[in-house]
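Notes follow once the structure below has been shown.
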Protein chains: 2
Amino acid sequence: MKMQIQITMNKALYLRDPESSELGKNILQHSIQLIFKNGFESFTFKKLAEDIGTTEAGVYRYFENKHKLLVYLTAWYWGWLEFQIRFQTNNISNPISKLKKIITLLASSVKDDEQTSFINESLLHQIIIAEGSKAYLTKQVNEDNKQDFFKPYKDLCALIGHIILECNAKYKYPKSLASTIIEMAHFQNFFMNNLPSLTDFAENKEESEIVSFLNDLVFTSLNKK
Amino acid sequence: MKMQIQITMNKALYLRDPESSELGKNILQHSIQLIFKNGFESFTFKKLAEDIGTTEAGVYRYFENKHKLLVYLTAWYWGWLEFQIRFQTNNISNPISKLKKIITLLASSVKDDEQTSFINESLLHQIIIAEGSKAYLTKQVNEDNKQDFFKPYKDLCALIGHIILECNAKYKYPKSLASTIIEMAHFQNFFMNNLPSLTDFAENKEESEIVSFLNDLVFTSLNKK
DNA sequence: TTTATTATGATAGTATTACTATCATAAATA
DNA sequence: TATTTATGATAGTAATACTATCATAATAAA
């Protein structure tokens with residue numbers, strides 16, 4: 001049985017819903033490939049259009065600009081990841097096991113999920129690591145936030161924050177610890193692969209070591225009396 | 001007595017040494033003001049030249065492009081901060097007190113240091129918070145790293161890593177903890193001011209609370225038996 | 001002090017980026 | 001069948017990211 005995951009996207013992120021047409025799906029699919037390959041800075045709608053075999057104007061009918069497209073992709077990713085987390089921790093009652101599972105999911109590379117043929121989650125995960133923070137590290141962060149562009153990220157952070165409190169109701173910084181886990185799951189991965197001396201994982205380049213680091217960091221904090 | 005701090009910069013970062021001339025110093029000073037005011041994305045050499053009262057070509061004689069200028073500014077900042085840290089922890093022998101002092105320096109806003117008239121450290125600190133990661137979150141990170149552009153950042157990280165080991169010689173992740181402290185000192189600040197629901201500091205927006213969070217995180221990890 | 005070097009200013013020019021606009025046609029829907 | 005809607009094709013504009021050239025001013029070397 002194939003189940004279809006539907007991630008509800010904020011309508012203000014696009015001009016025309018990219019999931020509603022072949023061209024739209026091509027925009028998502030090829031933008032992921034191009035950003036992954038050449039990075040967000042060198043990514044342009046012209047190159048994207050050529051890659052797809054459409055025109056620049058065609059892309060502009062779906063997304064106002066490349067920043068909105070990046071925010072769309074990150075929002076999609078966080079929405080998808082929250083679903084994965086809820087699904088995979090559904091049967092776990094112990095909050096500590098739950099949080100451990102979440103850390104593993106955050107810090108492990110993703111395998112492409114066949115359900116959504118136009119989104120390659122594995123590549124998207126890599127994009128989020130290297131480009132994800134650029135979605136909010138801008139001068140427009142406040143306006144973007146007012147339009148709820150970062151809701152999926154904030155929802156995920158809130159979810160993790162609640163589980164942290166289930167582990168230790170007296171812990172004083174659940175939200176900051178949650179955002180630290182999320183960001184560090186990605187930054188330590190980026191550092192490990194690109195600036196290895198900033199990490200302790202230079203030799204093996206194993207994601208499992210990032211998981212161990214985060215587990216150590218989080219659970220010593222939460223177990224403290 | 002006025003002492004002059006001289007931060008030795010990597011020569012590959014510039015075409016002509018900006019500290020060697022009035023125009024060069026103007027480039028540094030005004031680029032900091034403009035990037036602070038409008039963000040790195042909207043910053044161009046044309047606008048910078050107009051702001052200074054020189055020509056675009058004049059700026060290009062000092063820096064190859066705006067990415068190199070950003071990397072220059074971040075390198076300068078980390079070099080300057082390492083000096084501040086060494087200076088202000090010089091008389092502290094206890095590694096725990098030393099690390100606490102470092103966390104405070106990392107997470108507190110900086111007051112402009114009159115020594116370097118052309119660099120406004122206070123604005124530069126804000127730039128590093130919002131734009132600093134863009135210096136390395138690029139496709140060229142490996143080439144840039146090969147040219148040692150990130151040495152000041154890596155040196156600071158190594159310094160903190162060593163102090164972490166002085167606190168607890170058995171701690172397994174000194175470098176990753178060091179980079180986590182550095183990054184989170186900045187990200188929690190950015191979140192607090194722009195995406196407050198990702199932190200626990202929304203009400204007071206006090207940097208001292210970031211310091212408390214980081215102290216709690218770091219010292220429970222290091223005190224664990 | 002003259003000469004040679006170097007830094008700046010002024011101006012021009014090019015390819016690419018980031019869009020907006022218009023019109024014709026094909027496809028889907030009423 | 002009529003009509004709405006999506007796409008393709010083409011054109012155009014302002015801004016960005018540079019490179020090149022030449023004259024002049026300031027500085028340093030002979």
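Every chain in the structure tokens has a letter given in the order shown (A, B, ...), and although residue numbers restart at 1 in each chain, ligands are simply numbered from 1 in the order shown.
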Item to check | Contact residues (chain C, partner chain A, 10 Å, only C-alpha atoms (C1' of nucleotides)) as a PyMOL selection string | outcome: chain C and resi 17-20
Within 8 Å of chain D, which residues belong to chain A? Use only C-alpha atoms (C1' of nucleotides) and report them as a compact mmCIF listing (two decimals) with C-alpha atoms, in the first residue's frame.
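Result written to selection26.txt:
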# COMPACT_ATOMS: atom_id res chain seq x y z
CA THR A 54 11.12 25.97 -19.82
CA THR A 55 11.59 29.73 -19.76
CA GLY A 58 7.70 30.19 -16.47
Next on the checklist: Please list as a ChimeraX atom specification every residue within 6 Å of stretch 96-111 of chain A, counting only C-alpha atoms (C1' of nucleotides) and excluding residues in the same chain fewer than 3 positions away.
Outcome noted: /A:89,122,167,185,207,211
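Shortest separation to chain A among B:Glu50, B:Asp17, B:Glu41, B:Asp112 occurs at residue B:Glu41, atoms counted being only C-alpha atoms.
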Long-range neighbours of A:Ile129 as a short mmCIF file (atom, residue, chain, number, x, y, z; two decimals) with N, CA and C atoms, in the first residue's frame, 8 Å cut-off, only C-alpha atoms (C1' of nucleotides), 4 positions minimum in chain:
data_model
loop_
_atom_site.label_atom_id
_atom_site.label_comp_id
_atom_site.auth_asym_id
_atom_site.auth_seq_id
_atom_site.Cartn_x
_atom_site.Cartn_y
_atom_site.Cartn_z
N HIS A 125 18.02 17.23 2.31
CA HIS A 125 18.67 17.24 3.62
C HIS A 125 20.04 17.91 3.54
N HIS A 186 23.04 19.82 12.27
CA HIS A 186 23.44 20.20 10.91
C HIS A 186 24.82 20.82 10.85
N PHE A 187 25.11 21.74 11.75
CA PHE A 187 26.42 22.42 11.68
C PHE A 187 27.57 21.44 11.92
N ASN A 189 27.63 18.42 11.19
CA ASN A 189 27.74 17.65 9.95
C ASN A 189 28.50 18.47 8.90
N PHE A 190 28.12 19.73 8.75
CA PHE A 190 28.83 20.59 7.78
C PHE A 190 30.30 20.72 8.15
#
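The interface of chain B with chain A at 6 Å, considering only C-alpha atoms, consists of Gly39, Ala130, Leu137, Lys139, Tyr173, Lys175, Ser176, Leu198, Thr199, Asp200, Thr220 and Ser221 of chain B.
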Just C-alpha atoms for this one: save the residues we selected as a short mmCIF file (atom, residue, chain, number, x, y, z; two decimals), in the first residue's frame.
data_model
loop_
_atom_site.label_atom_id
_atom_site.label_comp_id
_atom_site.auth_asym_id
_atom_site.auth_seq_id
_atom_site.Cartn_x
_atom_site.Cartn_y
_atom_site.Cartn_z
CA GLY B 39 22.37 43.15 5.25
CA ALA B 130 23.66 37.65 11.31
CA LEU B 137 28.39 28.16 4.10
CA LYS B 139 30.45 25.85 -2.31
CA TYR B 173 34.14 16.18 22.34
CA LYS B 175 36.27 20.71 19.61
CA SER B 176 32.63 20.07 18.86
CA LEU B 198 13.10 29.32 19.24
CA THR B 199 14.59 30.40 22.57
CA ASP B 200 13.67 30.77 26.24
CA THR B 220 26.92 19.97 33.41
CA SER B 221 28.60 18.19 30.51
#
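Interatomic distance, atom CA of B:Lys47 to atom CA of B:Asp113: 26.2 Å.
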